[in-house]
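Take a look at the structure set out below.
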Amino acid sequence: MAITKIWKFKSRLDSLINYAINGEKTEKELYVSGINCMPDTAFYEMKNVKKQFFKTGGIECFHAVQSFASGEVNAKQAHKIGLQLAEELWGDKFQVVVSTHLNTDNIHNHFVLNSVSFIDGKRFCNTKKAVSYTHLRAHETDQY
């Protein structure tokens, strides 16, 4: 059973993206993908969306993690599940970097979600009443 959580990140979007795509944790970046952005240029792409909609202050992004029990999935399965989750929750409006870290006993996905939609410039709403938060938590009990 996967465990998920999400939280806001107020500074250094570039450092969070660099952490997420770190080649030592992602099997030399084999398990790094972008949704509506390219992982290598995600920082600039996300910043450009913020500038385009005049929303350069406040929350930079959201950082979500999806962690699997030891032996529950292999790296390829975990990354596929992470991509499906990100696509389902955010793929229609937001840029997301998805990376699968293999550096611990528990394979886990990191999601770096731009706080501003590239479609309409609206900010991502992360509350327990928000639809995406509910869906993210629902994936904790899904069987893969």
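If you're wondering about the labels, chains in the structure tokens are A, B, ... by order shown, residues count from 1 in each chain, ligands from 1 in order shown.
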All helix (DSSP H, G or I) residues (DSSP, backbone) inside chain A, as a PyMOL selection string: chain A and resi 13-20+39-52+75-90+131-138
Residue neighbourhood stretch 11-14 of chain A, 12 Å, only C-alpha atoms, exclusion window fewer than 3 positions, as a PyMOL selection string: chain A and resi 8+17-22+39-47+50+56-63+97+112-115
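Here atom CA of A:Phe111 and atom CA of A:Gln95 stand 10.0 Å from one another.
The residue that comes closest to A:Phe94, out of A:Leu30, A:Ile107, A:Ile81, A:Val49 and on the basis of only C-alpha atoms, is A:Val49.
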Pick from A:Gln52, A:Gly121, A:Val32, A:Asn106, whichever lies nearest to A:Lys80 using only C-alpha atoms: A:Val32
Using only C-alpha atoms, determine which residues lie at most 12 Å from A:Val73, disregarding the query and same-chain residues fewer than 5 positions distant; provide the list as a PDB file with C-alpha atoms, in the first residue's frame.
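File written: part24.pdb
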ATOM      1  CA  MET A   1       0.000   0.000   0.000  1.00  0.00           C
ATOM      2  CA  ALA A   2       1.463   3.340  -1.062  1.00  0.00           C
ATOM      3  CA  SER A  67       6.180   5.792  -0.928  1.00  0.00           C
ATOM      4  CA  PHE A  68       5.791   2.052  -1.393  1.00  0.00           C
ATOM      5  CA  ALA A  78       6.659   2.641  -9.215  1.00  0.00           C
ATOM      6  CA  HIS A  79       7.532   5.179 -11.893  1.00  0.00           C
ATOM      7  CA  LYS A  80       4.584   4.123 -14.054  1.00  0.00           C
ATOM      8  CA  ILE A  81       2.229   4.421 -11.069  1.00  0.00           C
ATOM      9  CA  GLY A  82       3.665   7.847 -10.232  1.00  0.00           C
ATOM     10  CA  THR A 100      11.404   7.673  -8.667  1.00  0.00           C
ATOM     11  CA  LEU A 102      15.755   4.036  -5.454  1.00  0.00           C
ATOM     12  CA  ASP A 105      14.632   0.328   1.089  1.00  0.00           C
ATOM     13  CA  ASN A 106      11.325   1.909   0.141  1.00  0.00           C
ATOM     14  CA  ILE A 107      11.060   2.921  -3.497  1.00  0.00           C
ATOM     15  CA  HIS A 108       9.322   6.285  -3.606  1.00  0.00           C
ATOM     16  CA  ASN A 109       8.168   8.896  -6.084  1.00  0.00           C
ATOM     17  CA  GLN A 143      -3.900  -2.021  -5.061  1.00  0.00           C
ATOM     18  CA  TYR A 144      -1.310  -1.958  -7.846  1.00  0.00           C
TER      19      TYR A 144
END
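Atom CA of A:Tyr31 sits 11.5 Å away from atom CA of A:Asn74.
The interatomic distance for the pair atom CA of A:Asp120 and atom CA of A:Leu85 works out to 21.5 Å.
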